[in-house]
Each structure stands twice: as structure tokens, then as C-alpha cells.
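Visitor: mmCIF, C-alpha atoms, file structure-v3.cif:
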data_data
#
loop_
_atom_site.label_atom_id
_atom_site.label_comp_id
_atom_site.auth_asym_id
_atom_site.auth_seq_id
_atom_site.Cartn_x
_atom_site.Cartn_y
_atom_site.Cartn_z
CA MET A 1 -25.02 -34.15 -18.31
CA ILE A 2 -24.95 -30.71 -16.66
CA ALA A 3 -25.47 -32.20 -13.18
CA GLU A 4 -22.64 -34.66 -13.77
CA ARG A 5 -20.34 -31.84 -14.89
CA LYS A 6 -21.19 -29.79 -11.78
CA ASP A 7 -20.35 -32.76 -9.55
CA ASP A 8 -17.10 -33.28 -11.47
CA HIS A 9 -16.16 -29.62 -10.89
CA VAL A 10 -16.61 -29.95 -7.14
CA ARG A 11 -14.65 -33.20 -6.95
CA LEU A 12 -11.75 -31.89 -9.03
CA ALA A 13 -11.69 -28.52 -7.25
CA VAL A 14 -11.39 -30.20 -3.86
CA GLU A 15 -8.64 -32.48 -5.17
CA GLN A 16 -6.75 -29.37 -6.28
CA GLN A 17 -7.13 -27.77 -2.87
CA ARG A 18 -5.79 -30.84 -1.09
CA GLY A 19 -2.85 -31.09 -3.46
CA HIS A 20 -1.93 -27.40 -3.47
CA SER A 21 1.71 -26.62 -2.69
CA GLY A 22 0.81 -23.56 -0.64
CA SER A 23 3.06 -21.16 -2.58
CA SER A 24 1.45 -18.04 -3.96
CA GLN A 25 2.26 -14.65 -5.45
CA PHE A 26 0.53 -13.24 -2.38
CA ASP A 27 3.81 -14.12 -0.63
CA GLU A 28 5.52 -11.47 -2.75
CA VAL A 29 3.48 -8.80 -0.93
CA SER A 30 4.57 -7.73 2.57
CA PHE A 31 3.62 -4.97 4.97
CA VAL A 32 6.21 -2.52 6.24
CA HIS A 33 6.12 -2.94 10.00
CA HIS A 34 5.65 0.31 11.93
CA ALA A 35 6.00 -0.61 15.58
CA LEU A 36 3.95 2.34 16.90
CA ALA A 37 1.14 2.18 14.36
CA GLY A 38 -1.15 -0.02 16.43
CA ILE A 39 -4.54 1.10 17.68
CA ASP A 40 -7.19 -0.28 20.07
CA ARG A 41 -9.23 -3.26 18.90
CA ASP A 42 -12.43 -1.50 19.95
CA ASP A 43 -11.70 1.18 17.34
CA VAL A 44 -11.65 -1.32 14.45
CA SER A 45 -14.72 -1.82 12.26
CA LEU A 46 -14.91 -4.46 9.54
CA ARG A 47 -17.71 -2.70 7.64
CA THR A 48 -17.05 -1.93 3.99
CA ARG A 49 -18.99 0.31 1.61
CA PHE A 50 -18.81 0.46 -2.19
CA ALA A 51 -21.08 1.12 -5.17
CA GLY A 52 -24.08 1.75 -2.93
CA ILE A 53 -23.51 -1.56 -1.12
CA GLU A 54 -22.68 -1.94 2.57
CA TRP A 55 -21.40 -5.20 4.03
CA GLN A 56 -20.74 -5.73 7.71
CA VAL A 57 -17.52 -7.58 6.83
CA PRO A 58 -15.08 -7.36 3.88
CA LEU A 59 -15.18 -11.13 3.30
CA TYR A 60 -17.59 -13.14 1.17
CA VAL A 61 -18.15 -16.73 0.07
CA ASN A 62 -17.59 -16.60 -3.66
CA ALA A 63 -19.42 -18.47 -6.42
CA MET A 64 -19.01 -22.23 -6.37
CA THR A 65 -21.75 -24.53 -7.50
CA GLY A 66 -25.36 -25.60 -7.98
CA GLY A 67 -27.33 -27.59 -10.54
CA SER A 68 -27.28 -31.11 -9.09
CA VAL A 69 -28.60 -32.84 -6.00
CA LYS A 70 -25.14 -33.01 -4.41
CA THR A 71 -24.30 -29.40 -5.17
CA GLY A 72 -27.69 -28.31 -3.84
CA VAL A 73 -26.71 -29.78 -0.48
CA ILE A 74 -23.41 -27.90 -0.64
CA ASN A 75 -25.25 -24.64 -1.40
CA ARG A 76 -27.56 -25.26 1.54
CA ASP A 77 -24.64 -25.74 3.90
CA LEU A 78 -22.75 -22.74 2.53
CA ALA A 79 -25.84 -20.59 3.05
CA ILE A 80 -26.19 -21.74 6.64
CA ALA A 81 -22.57 -20.88 7.33
CA ALA A 82 -23.03 -17.47 5.70
CA ARG A 83 -26.12 -16.85 7.80
CA GLU A 84 -24.33 -17.75 11.02
CA THR A 85 -21.30 -15.56 10.28
CA GLY A 86 -22.91 -12.63 8.45
CA VAL A 87 -20.80 -12.92 5.31
CA PRO A 88 -22.26 -12.29 1.83
CA ILE A 89 -22.46 -15.27 -0.50
CA ALA A 90 -22.77 -16.04 -4.21
CA THR A 91 -24.30 -19.00 -5.99
CA GLY A 92 -22.45 -20.85 -8.68
CA SER A 93 -23.34 -20.38 -12.33
CA MET A 94 -27.10 -20.64 -12.83
CA SER A 95 -26.85 -21.80 -16.45
CA ALA A 96 -28.07 -25.21 -15.29
CA TYR A 97 -31.27 -23.58 -14.04
CA PHE A 98 -31.92 -21.95 -17.43
CA LYS A 99 -31.54 -25.30 -19.18
CA ASP A 100 -33.37 -27.31 -16.53
CA PRO A 101 -35.81 -25.32 -14.35
CA SER A 102 -36.23 -28.33 -12.07
CA SER A 103 -32.75 -27.53 -10.69
CA ALA A 104 -34.04 -24.24 -9.21
CA GLY A 105 -34.09 -25.69 -5.70
CA THR A 106 -30.33 -26.29 -5.77
CA PHE A 107 -29.89 -22.51 -6.03
CA ASP A 108 -32.79 -20.89 -4.17
CA VAL A 109 -32.00 -23.04 -1.14
CA MET A 110 -29.52 -20.28 -0.38
CA ARG A 111 -32.32 -17.77 0.15
CA ARG A 112 -34.46 -20.22 2.10
CA GLU A 113 -31.61 -20.90 4.52
CA ASN A 114 -30.34 -17.32 4.59
CA PRO A 115 -33.45 -15.13 4.26
CA ASP A 116 -31.84 -11.88 5.42
CA GLY A 117 -28.35 -12.31 3.99
CA PHE A 118 -26.68 -10.58 1.05
CA ILE A 119 -26.87 -13.07 -1.83
CA MET A 120 -25.42 -12.73 -5.32
CA ALA A 121 -26.89 -14.64 -8.24
CA ASN A 122 -24.42 -15.75 -10.90
CA VAL A 123 -24.82 -16.04 -14.68
CA ASN A 124 -22.46 -16.35 -17.60
CA ALA A 125 -21.81 -13.68 -20.21
CA THR A 126 -24.06 -15.40 -22.75
CA ALA A 127 -27.15 -14.88 -20.59
CA THR A 128 -29.97 -12.71 -21.88
CA VAL A 129 -31.45 -9.85 -19.88
CA GLU A 130 -34.53 -11.98 -19.30
CA GLN A 131 -32.43 -14.84 -17.91
CA ALA A 132 -30.50 -12.43 -15.70
CA ARG A 133 -33.78 -11.12 -14.30
CA ARG A 134 -34.97 -14.68 -13.69
CA ALA A 135 -31.78 -15.47 -11.78
CA VAL A 136 -32.15 -12.38 -9.62
CA GLY A 137 -35.82 -13.08 -9.05
CA LEU A 138 -35.32 -16.73 -8.08
CA LEU A 139 -33.05 -15.77 -5.21
CA SER A 140 -34.39 -12.28 -4.47
CA ALA A 141 -30.73 -11.52 -5.09
CA ASP A 142 -29.09 -8.34 -3.83
CA ALA A 143 -26.57 -8.26 -6.69
CA LEU A 144 -25.79 -10.15 -9.88
CA GLN A 145 -22.44 -11.66 -10.77
CA ILE A 146 -21.55 -12.23 -14.41
CA HIS A 147 -18.58 -14.54 -14.76
CA LEU A 148 -15.96 -14.42 -17.51
CA ASN A 149 -14.30 -17.73 -18.36
CA THR A 150 -12.99 -17.78 -21.93
CA VAL A 151 -10.04 -19.98 -21.02
CA GLN A 152 -12.25 -22.49 -19.18
CA GLU A 153 -14.67 -22.59 -22.11
CA THR A 154 -11.75 -23.11 -24.51
CA VAL A 155 -10.53 -26.17 -22.62
CA MET A 156 -14.00 -27.52 -21.76
CA PRO A 157 -14.85 -30.30 -24.23
CA GLU A 158 -18.41 -28.98 -24.64
CA GLY A 159 -17.49 -25.32 -24.06
CA ASP A 160 -18.45 -22.19 -25.97
CA ARG A 161 -16.28 -20.94 -28.80
CA SER A 162 -18.04 -17.65 -29.56
CA PHE A 163 -17.05 -14.73 -27.33
CA ALA A 164 -17.64 -11.61 -29.42
CA SER A 165 -21.13 -11.04 -27.98
CA TRP A 166 -20.03 -11.01 -24.35
CA GLY A 167 -19.36 -7.29 -24.05
CA PRO A 168 -22.71 -6.22 -25.55
CA ARG A 169 -24.54 -8.80 -23.41
CA ILE A 170 -22.91 -7.45 -20.26
CA GLU A 171 -23.90 -3.92 -21.19
CA ASP A 172 -27.51 -4.99 -21.80
CA ILE A 173 -27.70 -6.84 -18.49
CA ALA A 174 -26.14 -3.98 -16.53
CA ALA A 175 -28.80 -1.66 -17.93
CA GLY A 176 -31.62 -4.19 -17.64
CA VAL A 177 -31.51 -5.42 -14.05
CA ASP A 178 -32.33 -3.43 -10.93
CA VAL A 179 -29.46 -4.68 -8.75
CA PRO A 180 -25.73 -3.90 -8.94
CA VAL A 181 -23.83 -5.93 -11.53
CA ILE A 182 -20.50 -7.45 -10.56
CA VAL A 183 -18.33 -8.97 -13.28
CA LYS A 184 -15.81 -11.57 -12.14
CA GLU A 185 -13.15 -13.74 -13.69
CA VAL A 186 -13.14 -17.39 -12.68
CA GLY A 187 -9.41 -17.60 -12.00
CA PHE A 188 -7.41 -16.06 -14.83
CA GLY A 189 -7.54 -12.42 -13.76
CA LEU A 190 -8.83 -9.07 -15.01
CA SER A 191 -6.37 -6.65 -16.60
CA ARG A 192 -6.76 -2.90 -16.12
CA GLU A 193 -7.85 -2.65 -19.75
CA THR A 194 -10.65 -5.14 -19.09
CA VAL A 195 -11.74 -3.34 -15.92
CA ALA A 196 -11.82 -0.02 -17.79
CA THR A 197 -14.00 -1.63 -20.46
CA LEU A 198 -16.34 -3.01 -17.81
CA GLN A 199 -16.77 0.46 -16.36
CA LYS A 200 -17.77 1.77 -19.80
CA LEU A 201 -20.29 -1.08 -20.09
CA GLY A 202 -22.04 0.09 -16.92
CA VAL A 203 -20.71 -2.55 -14.54
CA ALA A 204 -20.76 -1.44 -10.89
CA VAL A 205 -17.97 -3.63 -9.47
CA ALA A 206 -15.18 -5.85 -10.87
CA ASP A 207 -14.01 -9.01 -9.10
CA VAL A 208 -10.49 -9.61 -10.40
CA GLY A 209 -10.67 -13.40 -9.88
CA GLY A 210 -6.96 -13.98 -10.30
CA ARG A 211 -4.81 -17.03 -10.86
CA GLY A 212 -3.74 -18.97 -7.79
CA GLY A 213 -6.92 -20.63 -6.56
CA THR A 214 -9.11 -23.22 -8.25
CA ASN A 215 -7.73 -23.72 -11.76
CA PHE A 216 -10.59 -24.34 -14.16
CA ALA A 217 -8.29 -24.89 -17.12
CA ARG A 218 -6.77 -27.81 -15.22
CA ILE A 219 -10.21 -29.05 -14.16
CA GLU A 220 -11.57 -29.03 -17.70
CA ASN A 221 -8.36 -30.57 -19.05
CA GLY A 222 -8.87 -33.40 -16.57
CA ARG A 223 -12.23 -34.05 -18.22
CA ARG A 224 -10.67 -34.35 -21.68
CA ASP A 225 -9.77 -37.79 -23.07
CA LEU A 226 -6.21 -36.74 -23.97
CA ALA A 227 -5.68 -34.02 -21.34
CA ASP A 228 -4.04 -32.07 -24.16
CA TYR A 229 -4.37 -28.54 -22.76
CA ALA A 230 -1.92 -28.90 -19.87
CA TYR A 231 0.16 -26.03 -21.27
CA LEU A 232 -2.55 -23.61 -20.07
CA ASP A 233 -2.14 -24.56 -16.41
CA ASP A 234 -0.32 -21.29 -15.62
CA TRP A 235 -2.40 -18.96 -17.78
CA GLY A 236 -3.41 -15.56 -16.46
CA GLN A 237 -2.48 -13.04 -13.77
CA SER A 238 -2.47 -13.55 -10.02
CA THR A 239 -4.89 -11.70 -7.76
CA PRO A 240 -2.19 -9.34 -6.38
CA ALA A 241 -1.03 -8.59 -9.93
CA CYS A 242 -4.57 -7.75 -10.99
CA LEU A 243 -5.15 -5.46 -8.01
CA LEU A 244 -1.94 -3.55 -8.66
CA ASP A 245 -2.68 -3.37 -12.38
CA ALA A 246 -6.26 -2.08 -12.00
CA GLN A 247 -5.85 0.07 -8.89
CA ASP A 248 -6.67 3.26 -10.82
CA ALA A 249 -9.34 1.79 -13.09
CA GLY A 250 -12.15 3.82 -11.55
CA ILE A 251 -14.60 1.24 -10.19
CA PRO A 252 -14.51 -0.75 -6.94
CA LEU A 253 -12.47 -3.95 -7.03
CA LEU A 254 -13.23 -7.21 -5.28
CA ALA A 255 -10.38 -9.68 -4.80
CA SER A 256 -10.69 -13.42 -5.21
CA GLY A 257 -8.49 -16.22 -6.44
CA GLY A 258 -5.97 -18.03 -4.26
CA VAL A 259 -6.92 -16.39 -0.95
CA ARG A 260 -5.53 -18.79 1.68
CA HIS A 261 -5.81 -17.05 5.06
CA PRO A 262 -6.52 -13.71 6.80
CA LEU A 263 -3.13 -12.25 5.85
CA ASP A 264 -4.04 -12.66 2.16
CA VAL A 265 -7.32 -10.88 2.92
CA ALA A 266 -5.41 -7.99 4.53
CA ARG A 267 -2.93 -7.91 1.63
CA SER A 268 -5.79 -7.71 -0.88
CA LEU A 269 -7.46 -4.86 1.00
CA ALA A 270 -4.11 -3.05 1.22
CA LEU A 271 -3.74 -3.38 -2.56
CA GLY A 272 -7.08 -1.67 -3.11
CA ALA A 273 -9.81 -4.30 -2.88
CA VAL A 274 -13.00 -3.28 -1.07
CA ALA A 275 -13.75 -6.88 -0.07
CA VAL A 276 -12.23 -10.33 -0.54
CA GLY A 277 -13.81 -13.60 -1.62
CA ALA A 278 -12.81 -17.19 -0.99
CA SER A 279 -14.25 -20.39 -2.38
CA GLY A 280 -11.88 -23.36 -2.63
CA GLU A 281 -10.57 -23.04 0.91
CA PHE A 282 -14.09 -22.78 2.29
CA LEU A 283 -15.36 -25.66 0.15
CA ARG A 284 -12.62 -27.97 1.39
CA THR A 285 -13.33 -26.99 4.99
CA LEU A 286 -17.06 -27.65 4.53
CA LEU A 287 -16.60 -31.07 2.92
CA ASP A 288 -14.01 -32.15 5.48
CA GLY A 289 -15.74 -30.90 8.62
CA GLY A 290 -19.29 -29.84 7.84
CA VAL A 291 -21.07 -26.59 8.62
CA PRO A 292 -19.62 -26.23 12.16
CA ALA A 293 -16.08 -26.37 10.78
CA LEU A 294 -16.84 -23.76 8.12
CA VAL A 295 -18.52 -21.45 10.64
CA ALA A 296 -15.47 -21.77 12.88
CA ARG A 297 -13.11 -21.11 9.95
CA ILE A 298 -14.93 -17.96 8.80
CA THR A 299 -15.23 -16.68 12.37
CA THR A 300 -11.51 -17.19 12.90
CA TRP A 301 -10.66 -15.40 9.66
CA LEU A 302 -12.74 -12.38 10.65
CA ASP A 303 -11.28 -12.26 14.15
CA GLN A 304 -7.72 -12.53 12.85
CA LEU A 305 -8.35 -9.93 10.15
CA ALA A 306 -9.48 -7.51 12.86
CA ALA A 307 -6.35 -8.36 14.85
CA LEU A 308 -4.11 -7.61 11.86
CA MET A 309 -5.92 -4.32 11.27
CA THR A 310 -5.38 -3.41 14.92
CA ALA A 311 -1.64 -4.00 14.66
CA LEU A 312 -1.43 -2.12 11.35
CA GLY A 313 -3.43 0.86 12.63
CA ALA A 314 -6.31 0.49 10.18
CA ARG A 315 -9.67 1.39 11.67
CA THR A 316 -11.57 0.24 8.57
CA PRO A 317 -10.82 -2.03 5.61
CA ALA A 318 -10.39 1.09 3.46
CA GLU A 319 -7.64 2.35 5.77
CA LEU A 320 -5.55 -0.72 4.97
CA ALA A 321 -4.99 0.92 1.58
CA ARG A 322 -2.96 3.58 3.43
CA CYS A 323 -0.53 1.02 4.83
CA ASP A 324 2.97 0.70 3.38
CA VAL A 325 3.29 -2.43 1.28
CA LEU A 326 6.40 -3.85 -0.40
CA VAL A 327 6.24 -5.81 -3.65
CA HIS A 328 8.90 -8.45 -4.34
CA GLY A 329 10.03 -11.03 -6.87
CA GLY A 330 8.09 -11.88 -9.97
CA LEU A 331 5.24 -9.62 -8.92
CA ARG A 332 7.61 -6.67 -8.90
CA ASP A 333 8.86 -7.65 -12.37
CA TYR A 334 5.26 -7.78 -13.58
CA CYS A 335 4.65 -4.28 -12.21
CA ALA A 336 7.77 -2.96 -13.90
CA ASP A 337 6.70 -4.39 -17.25
CA ARG A 338 3.19 -2.93 -16.86
CA GLY A 339 4.49 0.51 -15.84
CA ILE A 340 3.24 0.29 -12.25
CA ASP A 341 5.28 2.31 -9.74
CA THR A 342 5.49 0.10 -6.65
CA ARG A 343 7.17 2.91 -4.72
CA ARG A 344 3.70 4.42 -4.34
CA THR A 345 2.54 1.46 -2.26
CA ALA A 346 5.76 1.37 -0.24
CA THR A 347 5.59 4.96 1.02
CA ARG A 348 1.89 5.71 1.43
CA SER A 349 1.94 6.30 5.16
CA SER A 350 4.26 9.31 4.82
CA SER A 351 1.30 11.43 3.73
CA HIS A 352 -0.73 10.30 6.74
CA SER A 353 1.94 10.44 9.44
CA THR A 354 1.08 13.63 11.31
CA PRO A 355 1.38 12.76 15.00
CA HIS A 356 -1.90 12.76 16.87
CA ARG A 357 -2.73 12.52 20.56
CA THR A 358 -4.67 9.38 21.40
CA THR A 359 -5.31 10.00 25.10
CA GLU A 360 -5.11 12.89 27.55
CA SER A 361 -1.62 11.74 28.45
CA THR A 362 1.48 12.46 26.39
CA ARG A 363 1.23 9.26 24.34
CA TRP A 364 1.44 9.89 20.59
CA THR A 365 1.21 7.59 17.58
CA THR A 366 2.53 7.93 14.06
CA GLY A 367 2.64 5.75 10.99
CA ASN A 368 -0.18 4.66 8.74
CA THR A 369 -3.19 5.24 10.97
CA ARG A 370 -4.41 8.42 9.26
#
Just dump the structure as C-alpha cells.

Guide:
Amino acid sequence: MIAERKDDHVRLAVEQQRGHSGSSQFDEVSFVHHALAGIDRDDVSLRTRFAGIEWQVPLYVNAMTGGSVKTGVINRDLAIAARETGVPIATGSMSAYFKDPSSAGTFDVMRRENPDGFIMANVNATATVEQARRAVGLLSADALQIHLNTVQETVMPEGDRSFASWGPRIEDIAAGVDVPVIVKEVGFGLSRETVATLQKLGVAVADVGGRGGTNFARIENGRRDLADYAYLDDWGQSTPACLLDAQDAGIPLLASGGVRHPLDVARSLALGAVAVGASGEFLRTLLDGGVPALVARITTWLDQLAALMTALGARTPAELARCDVLVHGGLRDYCADRGIDTRRTATRSSSHSTPHRTTESTRWTTGNTR
């Protein structure tokens, strides 16, 4: 039953990706162009550091799958692509492993294929400390993701209906494992209030997991006989909305949910994320073209991200958060309702605009490079 559900999730997620309209609230975020802000490509580093973690790139393959023979093959191929490109990677939910230990190979294949990579195990918020430790141990994981999915569980025919214990469980796990704990939403977003609560629970990093990517309410509704939860298709906050909302929450933010291309990665970093995850886009690429296509896609994303940083004058991913960013449309309305001053993001470079000499000649640069 679990294996069948995991295969259904993959099939329906890919169908969503192929039928996506392409529109996104990311398009309501734009950079102010400063024509003299550019720097030399050799001065750009993609390394990112947060919560005692250092990644060589600010891009990761986010949690997807595992628990069946087919999804084990997908995890193997994802791990190979991660190994070849140097990006961190997360498994899908390991609840199947707790219920059926024989499915372990569909998850630990990631470590076998990517022995030196940064791998995140993934459990749900009902997991015990002992189960969390088992998940970390199975993969020799470098971090642990705990996913939040109340809306998915609500629509899922066989889903959970008891959520009151989730906060205490997260606190116990954060204190009971010896790797950083990352709490992520599965596509409905984290509000600033939720992120603040996570910090109090001892969570190291929050992955906002916003609306706009794979829609698990729609997936689970498609598994229902009457498909009677269609009114939840637009539930939640987008990834840009979450980043703006939680920018002062006090713990590092990861961005995932609806990331379509390198510009969305740059936008997320500019809105305060320390790294950006993608899943649906990478899954579709893998299933359509195999490992070589996914390696080429990730490599292109990283190269184009570095190119965008060069033009924007950002030497590191963190420096993108000094760039001037405009917020438009419905996203701006959301910010107004939540009391978020978008003028702060639109005028950030003014405090970093002292001219500086870049060579021994009289060439000077200004803008958002400092």
C-alpha cells in the first residue's frame, strides 16, 4: 500500500510539472538594474554557510521519494546526479522504512552512490527520537529534515488527523539527534510565526517550502474517489511571500517550492534564503532524459546563477541580499497586509554604495557590490 502510494505521488507530481502554466509569484519579484554594479566572474563564489553548515553551492535537490522499487531507482539516479554536480540532496519521507524495514535500500542507495556528499534524511513530525536516529544512521546523514504537511494529511484518504503532538515531537528530535535539524513545509509555506516557533523548539534551519511547486493537496485529492477537496488547490503562501514574511525570524531560511530556473534561485537568495531547493523540475528532467540530462540541467543552473551574481555585483550568495529588489502585484498586497515594508528591499544598496577602486586605473564601481 505504501509503495503504491509513493509511486502514485511520483506519477502525479510529474503530471503536474508537465501541465504547469509557468506563472508564479516569483514573477512579482524583480531586481533593480544598476548598470555599473557588475564584477569579475573570477571574484564570484557560490559557497554558502549557515548554522554550522557549509555547502559549496547554494542549490540542493530537495526531498522527493523512496519506499518502492521504482522510487529506489529514482533515488539512485538523483544521488548520482548530486555526486557529479556537488549539490546536497535529501531523501523523501522515510516513514515507509519505519513501517517496512525491507525498503531501506530505496533510501540508503543515496549514500552508496554518493559516499562523500551532503545528504539529508527526512522524517515526518510524528516520528519518535529513536526513529529519527535510525533515519540518520541508515544514511550516515549530515542533517535531518522534518516535514510539515497538515494540509496534505487532511486531504490524503488515509492521512493523519492528529497534529497537536507535532511541536513537542520536533523539540524532542532537535534535542535528541546529533545533526542539524531542518524543518520544511511540503508546499504550503511557513509563516513568520511558525518560523519563530521552530526557533524556540531548537530547530537549526527552516525551509519555507512555499506554494507554487508540486501541490500535494491536488495530488491527494486526485487519489480520492470523489476528488472533493479541490477547493484547497490554492492553499498557502508562495515561497517569495514566506521569505519576505520570515526575513527577520532569527534562523537561517532555505527556499523551496516553485523554483523554476536560476533567476528564481537568485530571487530567493536576494529575499534572504541561504540556499534554494528544487524537486519537481529536477524530477521531470530526470524522468525525461535520465541522469545525463539532470547533470546538465544542474550544471547549467549553477553556471547561470554565477553569471547573474556577476552582473548584480554579488561576490557570494549572501551578498545577493544586498541587492535592490522590487515587489509587485499580489505579493506587494500580501506584504502590505502583513506589515512588511517592501521599501527596505528596494533601497538596500544605498547603504553599500561607497565608491571603491577596483584596479590601479581610475575605474570605479558603485551600486550593490558592498

Visitor: May I ask which of the residues A:Val205, A:Leu320, A:Val325, A:Ala249 is the closest one to Val44 of chain A, counting all atoms listed in the file?

Guide: A:Leu320

Visitor: Would you mind telling me which residue in A:Phe163, A:Trp301, A:Tyr334, A:Tyr97 lies nearest to Ala241 of chain A when using all atoms listed in the file?

Guide: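 Smallest separation from Ala241 of chain A among the options: A:Tyr334.
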
Visitor: Excluding Ala104 of chain A and any residue of its chain fewer than 3 positions from it, enumerate the residues within 9 Å of it, using all atoms listed in the file, and give them as a ChimeraX atom specification.

Guide: /A:66-67,94,96-98,100-101,107-109,138

Visitor: Using all atoms listed in the file for the distances, tell me which of A:Ser238, A:His34, A:Ser191, A:Val183 is nearest to Ser350 of chain A.

Guide: A:His34

Visitor: Here is a test: counting only C-alpha atoms, which residue of A:Arg161, A:Val32, A:Gly250, A:Gly222 is nearest to Thr194 of chain A?

Guide: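 Once distances to Thr194 of chain A are computed over only C-alpha atoms, the minimum belongs to A:Gly250.
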
Visitor: Using the chain letters and numbers from the file, which residues does the PyMOL selection byres ((chain A and resi 209-220) around 8) grab, as number ranges by chain?

Guide: A: 9, 12-13, 16-17, 24-25, 151-152, 155-157, 184-190, 207-208, 221-224, 229-230, 232-240, 242, 255-259, 280

Visitor: Taking the file above as input, evaluate the PyMOL selection byres ((chain A and resi 265) around 10) and report the hits as a PyMOL selection string.

Guide: chain A and resi 26+58-59+255-256+259-264+266-271+273+275-278+301-302+305+317

Visitor: Can you translate the PyMOL selection byres ((chain A and resi 347) around 10) into the concrete residues it hits in this file, as a PyMOL selection string?

Guide: chain A and resi 32+322-326+342-346+348-351+368

Visitor: Restricting it to C-alpha atoms, dump the selection as a PDB file, in the frame of the given file.

Guide:
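Dumped to out29.pdb:
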ATOM      1  CA  VAL A  32       6.210  -2.520   6.240  1.00  0.00           C
ATOM      2  CA  ARG A 322      -2.960   3.580   3.430  1.00  0.00           C
ATOM      3  CA  CYS A 323      -0.530   1.020   4.830  1.00  0.00           C
ATOM      4  CA  ASP A 324       2.970   0.700   3.380  1.00  0.00           C
ATOM      5  CA  VAL A 325       3.290  -2.430   1.280  1.00  0.00           C
ATOM      6  CA  LEU A 326       6.400  -3.850  -0.400  1.00  0.00           C
ATOM      7  CA  THR A 342       5.490   0.100  -6.650  1.00  0.00           C
ATOM      8  CA  ARG A 343       7.170   2.910  -4.720  1.00  0.00           C
ATOM      9  CA  ARG A 344       3.700   4.420  -4.340  1.00  0.00           C
ATOM     10  CA  THR A 345       2.540   1.460  -2.260  1.00  0.00           C
ATOM     11  CA  ALA A 346       5.760   1.370  -0.240  1.00  0.00           C
ATOM     12  CA  ARG A 348       1.890   5.710   1.430  1.00  0.00           C
ATOM     13  CA  SER A 349       1.940   6.300   5.160  1.00  0.00           C
ATOM     14  CA  SER A 350       4.260   9.310   4.820  1.00  0.00           C
ATOM     15  CA  SER A 351       1.300  11.430   3.730  1.00  0.00           C
ATOM     16  CA  ASN A 368      -0.180   4.660   8.740  1.00  0.00           C
TER      17      ASN A 368
END

Visitor: Taking into account all atoms listed in the file, which residue in the set A:Asp43, A:Leu253, A:Met64, A:Val29 is nearest to Arg284 of chain A?

Guide: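 Closest to Arg284 of chain A of all the choices is A:Met64.
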